[in-house]
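Trainee: Structure: target-v9.txt, compact mmCIF, C-alpha atoms and all ligand atoms.
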```txt
# COMPACT_ATOMS: atom_id res chain seq x y z
CA MET A 1 -8.18 19.98 7.29
CA LYS A 2 -6.91 16.53 8.16
CA THR A 3 -5.84 14.11 5.43
CA ARG A 4 -8.16 11.14 5.84
CA ILE A 5 -6.45 7.85 5.02
CA ALA A 6 -7.97 4.46 4.18
CA VAL A 7 -5.76 1.37 4.26
CA MET A 8 -6.67 -1.72 2.24
CA VAL A 9 -5.46 -5.10 3.44
CA SER A 10 -5.91 -8.82 2.86
CA GLY A 11 -3.55 -10.50 5.28
CA GLY A 12 -1.34 -10.09 8.31
CA GLY A 13 -1.14 -6.33 8.11
CA THR A 14 2.38 -5.65 9.37
CA ASN A 15 2.55 -2.65 7.02
CA LEU A 16 -0.80 -1.45 8.34
CA GLN A 17 0.68 -1.76 11.84
CA ALA A 18 3.69 0.33 10.81
CA LEU A 19 1.31 3.00 9.48
CA LEU A 20 -0.85 2.90 12.62
CA ASP A 21 2.23 3.17 14.83
CA ALA A 22 3.59 6.09 12.83
CA TRP A 23 0.24 7.88 13.00
CA LYS A 24 -0.17 7.26 16.73
CA SER A 25 3.33 8.52 17.43
CA GLY A 26 2.57 11.77 15.60
CA GLN A 27 4.60 11.19 12.43
CA PHE A 28 1.78 12.18 10.08
CA ASN A 29 1.15 15.87 9.92
CA GLN A 30 -2.57 16.60 10.21
CA ALA A 31 -3.67 13.13 9.11
CA GLU A 32 -5.84 10.38 10.42
CA ILE A 33 -6.20 6.72 9.52
CA SER A 34 -9.97 6.77 9.19
CA LEU A 35 -10.81 3.39 7.72
CA VAL A 36 -9.34 -0.07 7.10
CA VAL A 37 -10.97 -2.26 4.46
CA SER A 38 -10.39 -5.92 3.66
CA ASN A 39 -11.68 -8.45 1.16
CA GLN A 40 -10.82 -11.17 3.69
CA GLU A 41 -13.03 -11.54 6.74
CA LYS A 42 -10.35 -13.26 8.79
CA ALA A 43 -7.50 -10.90 7.92
CA LYS A 44 -5.43 -10.28 11.04
CA ALA A 45 -5.04 -6.74 9.78
CA LEU A 46 -8.70 -6.05 10.66
CA ASP A 47 -7.96 -6.95 14.30
CA ARG A 48 -5.00 -4.59 14.29
CA ALA A 49 -7.33 -1.76 13.20
CA ARG A 50 -10.00 -2.63 15.77
CA ALA A 51 -7.37 -2.76 18.52
CA VAL A 52 -6.80 0.97 18.07
CA HIS A 53 -10.48 1.77 17.41
CA VAL A 54 -10.14 2.44 13.71
CA PRO A 55 -13.28 1.39 11.77
CA ALA A 56 -12.53 -1.96 10.11
CA LEU A 57 -14.73 -2.97 7.21
CA PHE A 58 -14.93 -6.41 5.58
CA LEU A 59 -16.44 -6.27 2.11
CA ASN A 60 -17.28 -9.73 0.83
CA PRO A 61 -16.42 -10.15 -2.88
CA ALA A 62 -18.89 -13.06 -3.12
CA GLN A 63 -21.74 -10.60 -2.70
CA TYR A 64 -20.95 -8.62 -5.85
CA LYS A 65 -21.46 -9.70 -9.43
CA ASP A 66 -18.02 -8.61 -10.64
CA ARG A 67 -14.96 -6.59 -9.68
CA GLN A 68 -16.47 -3.36 -10.99
CA ALA A 69 -19.53 -3.76 -8.77
CA TYR A 70 -17.29 -4.52 -5.81
CA ASP A 71 -15.18 -1.45 -6.48
CA GLN A 72 -18.31 0.72 -6.83
CA GLN A 73 -19.18 -0.24 -3.26
CA LEU A 74 -15.62 0.42 -2.14
CA LEU A 75 -15.72 3.82 -3.79
CA LYS A 76 -18.97 4.58 -2.00
CA SER A 77 -17.36 3.75 1.35
CA PHE A 78 -14.37 5.96 0.55
CA GLN A 79 -16.58 8.85 -0.46
CA GLU A 80 -18.87 8.49 2.56
CA ASN A 81 -15.79 8.54 4.78
CA LYS A 82 -14.32 11.51 2.89
CA ILE A 83 -11.12 9.58 2.19
CA ASP A 84 -8.27 11.62 0.66
CA LEU A 85 -5.58 8.94 0.40
CA ILE A 86 -5.85 5.18 -0.12
CA CYS A 87 -2.91 3.02 0.96
CA LEU A 88 -2.74 -0.52 -0.37
CA ALA A 89 -0.90 -2.63 2.19
CA GLY A 90 -0.92 -6.24 1.11
CA TYR A 91 -4.30 -5.92 -0.62
CA MET A 92 -4.47 -8.96 -2.89
CA ARG A 93 -6.84 -7.67 -5.57
CA ILE A 94 -6.16 -5.39 -8.48
CA LEU A 95 -8.22 -2.21 -8.25
CA THR A 96 -10.37 -1.46 -11.29
CA THR A 97 -10.56 1.89 -13.07
CA VAL A 98 -13.72 2.59 -11.04
CA ILE A 99 -11.47 3.62 -8.17
CA VAL A 100 -8.16 4.32 -9.87
CA ARG A 101 -9.65 7.12 -12.02
CA GLN A 102 -11.44 8.77 -9.09
CA TYR A 103 -8.34 8.68 -6.91
CA GLU A 104 -5.60 9.48 -9.42
CA GLN A 105 -2.31 10.17 -7.60
CA ARG A 106 -4.09 9.53 -4.32
CA ILE A 107 -3.58 5.75 -4.13
CA MET A 108 -0.28 4.30 -2.96
CA ASN A 109 0.98 0.73 -2.95
CA ILE A 110 4.01 -0.94 -1.42
CA HIS A 111 5.79 -3.60 -3.45
CA PRO A 112 8.52 -5.87 -2.06
CA ALA A 113 11.09 -5.32 -4.84
CA LEU A 114 12.77 -2.53 -6.74
CA LEU A 115 10.27 -1.62 -9.46
CA PRO A 116 10.10 -1.53 -12.43
CA ALA A 117 11.85 -4.91 -12.12
CA PHE A 118 10.02 -7.85 -10.55
CA GLY A 119 6.56 -6.34 -10.77
CA GLY A 120 3.38 -7.07 -12.68
CA GLU A 121 0.95 -9.94 -12.68
CA GLY A 122 1.90 -12.94 -10.57
CA MET A 123 4.58 -10.93 -8.77
CA TYR A 124 3.33 -11.08 -5.21
CA GLY A 125 4.43 -12.64 -1.94
CA LEU A 126 7.29 -15.10 -2.11
CA HIS A 127 7.08 -15.25 -5.93
CA VAL A 128 8.77 -11.87 -6.00
CA HIS A 129 11.69 -12.91 -3.81
CA GLU A 130 12.08 -16.22 -5.69
CA ALA A 131 12.30 -14.32 -8.97
CA VAL A 132 14.87 -11.93 -7.53
CA MET A 133 17.01 -14.83 -6.28
CA GLN A 134 16.75 -16.69 -9.57
CA SER A 135 17.80 -13.59 -11.52
CA GLY A 136 21.10 -13.37 -9.68
CA ALA A 137 20.48 -9.71 -8.77
CA LYS A 138 22.74 -8.48 -5.97
CA TYR A 139 20.17 -6.02 -4.66
CA SER A 140 16.49 -6.07 -3.99
CA GLY A 141 14.39 -3.79 -1.83
CA CYS A 142 10.98 -2.21 -1.74
CA THR A 143 9.08 0.47 -3.59
CA VAL A 144 6.22 2.76 -2.64
CA HIS A 145 4.48 4.02 -5.76
CA PHE A 146 1.30 5.70 -6.87
CA VAL A 147 -1.20 3.31 -8.42
CA ASP A 148 -2.13 3.85 -12.05
CA GLU A 149 -4.18 1.68 -14.38
CA GLY A 150 -1.37 -0.85 -14.85
CA THR A 151 -0.04 -3.40 -12.37
CA ASP A 152 2.93 -2.02 -10.39
CA THR A 153 3.56 0.58 -13.10
CA GLY A 154 2.69 3.88 -11.40
CA PRO A 155 5.12 6.69 -10.52
CA ILE A 156 7.70 5.67 -7.92
CA ILE A 157 7.63 7.69 -4.70
CA LEU A 158 10.36 6.11 -2.55
CA GLN A 159 12.60 3.04 -2.67
CA ALA A 160 14.88 1.30 -0.19
CA VAL A 161 17.63 -1.12 -1.15
CA VAL A 162 18.33 -4.47 0.52
CA PRO A 163 21.35 -6.57 -0.49
CA VAL A 164 20.78 -10.14 -1.65
CA LEU A 165 23.20 -12.30 0.34
CA ASP A 166 25.07 -15.31 -1.04
CA HIS A 167 23.21 -17.82 1.08
CA ASP A 168 19.83 -16.11 1.10
CA THR A 169 16.55 -17.91 0.73
CA PRO A 170 13.37 -16.21 -0.52
CA ASP A 171 12.02 -16.30 3.06
CA LYS A 172 15.07 -14.68 4.60
CA LEU A 173 15.19 -12.03 1.90
CA ALA A 174 11.45 -11.34 2.38
CA GLU A 175 12.03 -10.83 6.10
CA ARG A 176 14.79 -8.28 5.58
CA VAL A 177 12.81 -6.47 2.87
CA LEU A 178 9.79 -6.29 5.17
CA ILE A 179 11.82 -4.44 7.81
CA GLU A 180 12.58 -1.77 5.22
CA GLU A 181 8.93 -1.68 4.09
CA HIS A 182 7.89 -0.74 7.60
CA ARG A 183 10.25 2.25 7.50
CA LEU A 184 9.50 3.31 3.94
CA TYR A 185 5.69 3.33 3.85
CA PRO A 186 5.20 5.75 6.77
CA ARG A 187 7.78 8.09 5.22
CA ALA A 188 5.91 8.13 1.91
CA VAL A 189 2.58 8.77 3.64
CA SER A 190 4.16 11.58 5.70
CA LEU A 191 5.43 13.25 2.53
CA PHE A 192 1.96 13.03 1.00
CA CYS A 193 0.32 14.50 4.08
CA GLU A 194 2.80 17.37 4.10
CA GLY A 195 1.88 18.11 0.47
CA ARG A 196 5.45 17.47 -0.64
CA LEU A 197 4.88 15.00 -3.49
CA GLN A 198 4.63 16.38 -6.98
CA VAL A 199 4.10 14.07 -9.94
CA ALA A 200 5.82 15.06 -13.17
CA GLY A 201 5.14 12.32 -15.72
CA LYS A 202 6.64 9.11 -14.36
CA ARG A 203 8.77 10.98 -11.84
CA VAL A 204 7.71 11.96 -8.35
CA LEU A 205 9.49 15.07 -7.14
CA ILE A 206 9.88 15.56 -3.41
CA LYS A 207 9.56 19.20 -2.50
CA GLU A 208 11.61 20.76 0.28
CA LYS A 209 9.87 21.19 3.59
CA ALA A 210 8.16 24.62 3.69
C1 LIG B 1 4.23 -6.87 1.80
O1 LIG B 1 5.37 -7.60 1.49
C2 LIG B 1 3.95 -5.85 0.73
O2 LIG B 1 5.09 -5.39 0.09
C3 LIG B 1 3.09 -6.60 -0.23
O3 LIG B 1 2.30 -7.46 0.55
C4 LIG B 1 2.97 -7.73 1.78
C5 LIG B 1 2.01 -7.39 2.88
O4 LIG B 1 2.46 -7.78 4.14
N1 LIG B 1 2.33 -5.70 -1.07
P1 LIG B 1 1.71 -7.30 5.45
O5 LIG B 1 0.25 -7.81 5.34
O6 LIG B 1 1.74 -5.80 5.50
O7 LIG B 1 2.42 -7.94 6.58
```
Could you show the structure in this file as structure tokens?

Mentor:
Amino acid sequence: MKTRIAVMVSGGGTNLQALLDAWKSGQFNQAEISLVVSNQEKAKALDRARAVHVPALFLNPAQYKDRQAYDQQLLKSFQENKIDLICLAGYMRILTTVIVRQYEQRIMNIHPALLPAFGGEGMYGLHVHEAVMQSGAKYSGCTVHFVDEGTDTGPIILQAVVPVLDHDTPDKLAERVLIEEHRLYPRAVSLFCEGRLQVAGKRVLIKEKA
């Protein structure tokens, strides 16, 4: 049975592109990117999905009375499409428990810093890299983690480290982190598809290849 993946996006979708490229070049064992969903009609990410004939769905938040109702509809789409794994890739809304509880340890997110530092509410986009620079940290990076009911608090799957340079700006740092994101996310998805991720409390153990 193939692992059916849905990717959720709100913006440019360079991480989605990295996942699509990895899938198309055969890096995911027995998996398929089956659906891309956005809360933004004009998200470039939707075009990236359509370009490779992956169903691209825009769900308009304005048509639902609250976030729970929106997520009920999302859940319905995931269930109808028999989705096994949800990848958040620049999706700019916090998922409610409606989805998080149904897809426990089957939702991943990528965050542009080394969690558990520089995460949580308000920590998105350039805000993250500004906070890193202001802190004086010598290293930043990116984290792929499972999504739990908190914000950026779920078990960490993989991380990559990026040095903060003396004359960095948040933009330059973001650019170098993004390059690592594009390597890291496909690796995490591959491990999931190979059944090699095992969650033990807060820790994610990576099993040897069978
Ligand atoms: C990335 O930096 C990711 O870490 C964060 O949102 C950004 C999405 O960028 N969650 P893109 O849309 O994949 O280019």

Trainee: Here's a test: counting all atoms listed in the file, identify every protein, DNA and RNA residue with an atom at most 10 Å from (-4.0, 10.9, -4.1) in the file's coordinate frame, and state them as number ranges by chain.

Mentor: A: 5, 83-87, 100, 102-108, 146-147, 192-193, 197

Trainee: For ligand LIG 1 (chain B), list the contacting residues at 10 Å or closer, counting all atoms listed in the file, as a PyMOL selection string.

Mentor: chain A and resi 8-19+43-45+88-92+109-113+123-126+128-129+141-144+174-175+177-182+185

Trainee: For Glu80 (chain A), which residue among A:Ser34, A:Asn29, A:Gln68, A:Thr3 is the nearest when counting only C-alpha atoms?

Mentor: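 Closest to Glu80 (chain A) of all the choices is A:Ser34.
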
Trainee: Please return, as an mmCIF file with C-alpha atoms, in the coordinates of the input, all polymer residues that have at least one atom within 10 Å of the point (-17.7, -8.3, 2.7); use all atoms listed in the file and the file's own coordinate frame.

Mentor:
```
data_model
loop_
_atom_site.group_PDB
_atom_site.id
_atom_site.type_symbol
_atom_site.label_atom_id
_atom_site.label_comp_id
_atom_site.auth_asym_id
_atom_site.auth_seq_id
_atom_site.Cartn_x
_atom_site.Cartn_y
_atom_site.Cartn_z
ATOM 1 C CA VAL A 37 -10.970 -2.260 4.460
ATOM 2 C CA SER A 38 -10.390 -5.920 3.660
ATOM 3 C CA ASN A 39 -11.680 -8.450 1.160
ATOM 4 C CA GLN A 40 -10.820 -11.170 3.690
ATOM 5 C CA GLU A 41 -13.030 -11.540 6.740
ATOM 6 C CA LEU A 57 -14.730 -2.970 7.210
ATOM 7 C CA PHE A 58 -14.930 -6.410 5.580
ATOM 8 C CA LEU A 59 -16.440 -6.270 2.110
ATOM 9 C CA ASN A 60 -17.280 -9.730 0.830
ATOM 10 C CA PRO A 61 -16.420 -10.150 -2.880
ATOM 11 C CA ALA A 62 -18.890 -13.060 -3.120
ATOM 12 C CA GLN A 63 -21.740 -10.600 -2.700
ATOM 13 C CA TYR A 64 -20.950 -8.620 -5.850
ATOM 14 C CA TYR A 70 -17.290 -4.520 -5.810
#
```

Trainee: Which residue is closest to Leu191 (chain A)? Choose from A:Met133, A:Glu32, A:Leu158, A:Arg203 and count all atoms listed in the file.

Mentor: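 Distance minimum relative to Leu191 (chain A) lands on A:Leu158.
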
Trainee: What's around Val36 (chain A) at 8 Å? Count all atoms listed in the file, leave out sequence neighbours fewer than 4 positions away in its own chain, and write the answer as a count of residues only.

Mentor: 10

Trainee: Compare A:Glu149, A:Tyr139, A:Pro186, A:Ile33 by their minimum atom-to-atom distance to Val164 (chain A), counting only C-alpha atoms, and give me the closest one.

Mentor: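 When distances to Val164 (chain A) are compared using only C-alpha atoms, the smallest one comes from A:Tyr139.
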
Trainee: Under the rule that all atoms listed in the file are counted, which of A:Gly122, A:Leu35, A:Arg187, A:Leu205 is the nearest residue to Gln79 (chain A)?

Mentor: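 Using all atoms listed in the file, Gln79 (chain A) sits closest to A:Leu35.
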